[in-house]
Amino acid sequence: MSFWGKLSIALMGENEHESDKVMDTKALAILDEEVRDATDTLKRVKSDLSDTVKKFAVCKEKVSEFEKNISEYEGYVEQALGKNNEALALDVAEKIAEMENRLSTEQDSAKYFGRSVDELRVAIKQAEQNLRRLKQQVDTVKASETVFRAQAAVAFNGDGDDTRLRTAMDSLARIHQKQAEKSAKITAADEVAQISQDDALKARLAAAGIVASGSRAQDVLARIKSKVSG
């Protein structure tokens, strides 16, 4: 049964105002069935092709065998005639005639199976292309349907979900801000502590006479006085 025939039966008995959603669902189900049926049919045709190829090969082998035997027996006829044995030559000729009849039958069968193989291969190639396109179309429709359902779900939830999302994002931003402020305070305290430690260490070094103490201005004044005195 055709796709449209199945669809008509599926919709039969439904209210004429049936929603598009229900119709689309049934159409997709029927398309899936069509894909399965086409796949099964393609498998059967491929199996038929395999059997036909085998039969074609057998016929060709028989044709080759008959042609070889006929050629061989024709040689026997020539030898019998060469020995003036007309009766033997006639018997062999009758055998040749029988083989030629069988050869003709096998040649006809070989031609038939050969044509069948070619036609089946063309049909399979076309069927595979059609099936591939059908599957792609079905997959595309299903993917679109999934997107539509997701969009519909978001739209159905409305502004409530948007408000909750914004509230959550605002809370997250506040948490990040507080963490940043706390981190800055800790860093500043560490720097102050480090400076205090450095000053204390320099004072100890100056007291021990290891480093110079006093201000930089005193050092400059002492250097100038030394030059003047010199």
# chains A, B, ... in the order shown; residues from 1 in each chain; ligands from 1

call {"tool": "residues_around", "arguments": {"residues": "region 71-81 of chain A", "least_positions_apart": "3", "cutoff": "9 Å", "atoms": "only C-alpha atoms", "output": "list of chain:residue names"}}
result
A:Phe66, A:Glu67, A:Lys68, A:Asn84, A:Asn85, A:Glu86, A:Ala87, A:Leu88, A:Ala89, A:Leu90, A:Asp91, A:Val92, A:Ala93, A:Lys95, A:Ile96

call {"tool": "residues_around", "arguments": {"residues": "Asp108 (chain A)", "least_positions_apart": "3", "cutoff": "12 Å", "atoms": "only C-alpha atoms", "output": "PyMOL selection string"}}
result
chain A and resi 56+59-60+62-63+101-105+111-115

call {"tool": "write_last_selection", "arguments": {"atoms": "C-alpha atoms", "output": "mmCIF file, in the first residue's frame"}}
result
data_model
loop_
_atom_site.group_PDB
_atom_site.id
_atom_site.type_symbol
_atom_site.label_atom_id
_atom_site.label_comp_id
_atom_site.auth_asym_id
_atom_site.auth_seq_id
_atom_site.Cartn_x
_atom_site.Cartn_y
_atom_site.Cartn_z
ATOM 1 C CA PHE A 56 24.355 -16.621 -14.379
ATOM 2 C CA CYS A 59 25.040 -20.924 -17.158
ATOM 3 C CA LYS A 60 28.229 -19.315 -18.433
ATOM 4 C CA LYS A 62 27.919 -24.703 -18.949
ATOM 5 C CA VAL A 63 28.117 -22.677 -22.174
ATOM 6 C CA ASN A 101 20.741 -27.808 -28.796
ATOM 7 C CA ARG A 102 21.662 -27.819 -25.133
ATOM 8 C CA LEU A 103 24.243 -25.096 -25.783
ATOM 9 C CA SER A 104 21.559 -22.907 -27.352
ATOM 10 C CA THR A 105 19.329 -23.378 -24.296
ATOM 11 C CA LYS A 111 21.507 -13.965 -21.645
ATOM 12 C CA TYR A 112 18.371 -13.843 -19.507
ATOM 13 C CA PHE A 113 20.260 -14.051 -16.207
ATOM 14 C CA GLY A 114 22.828 -11.548 -17.471
ATOM 15 C CA ARG A 115 20.108 -9.012 -18.258
#

call {"tool": "closest_residue", "arguments": {"among": "A:Ile70, A:Val141, A:Ile124, A:Ala27", "to": "Arg44 (chain A)", "atoms": "only C-alpha atoms"}}
result
A:Ile124
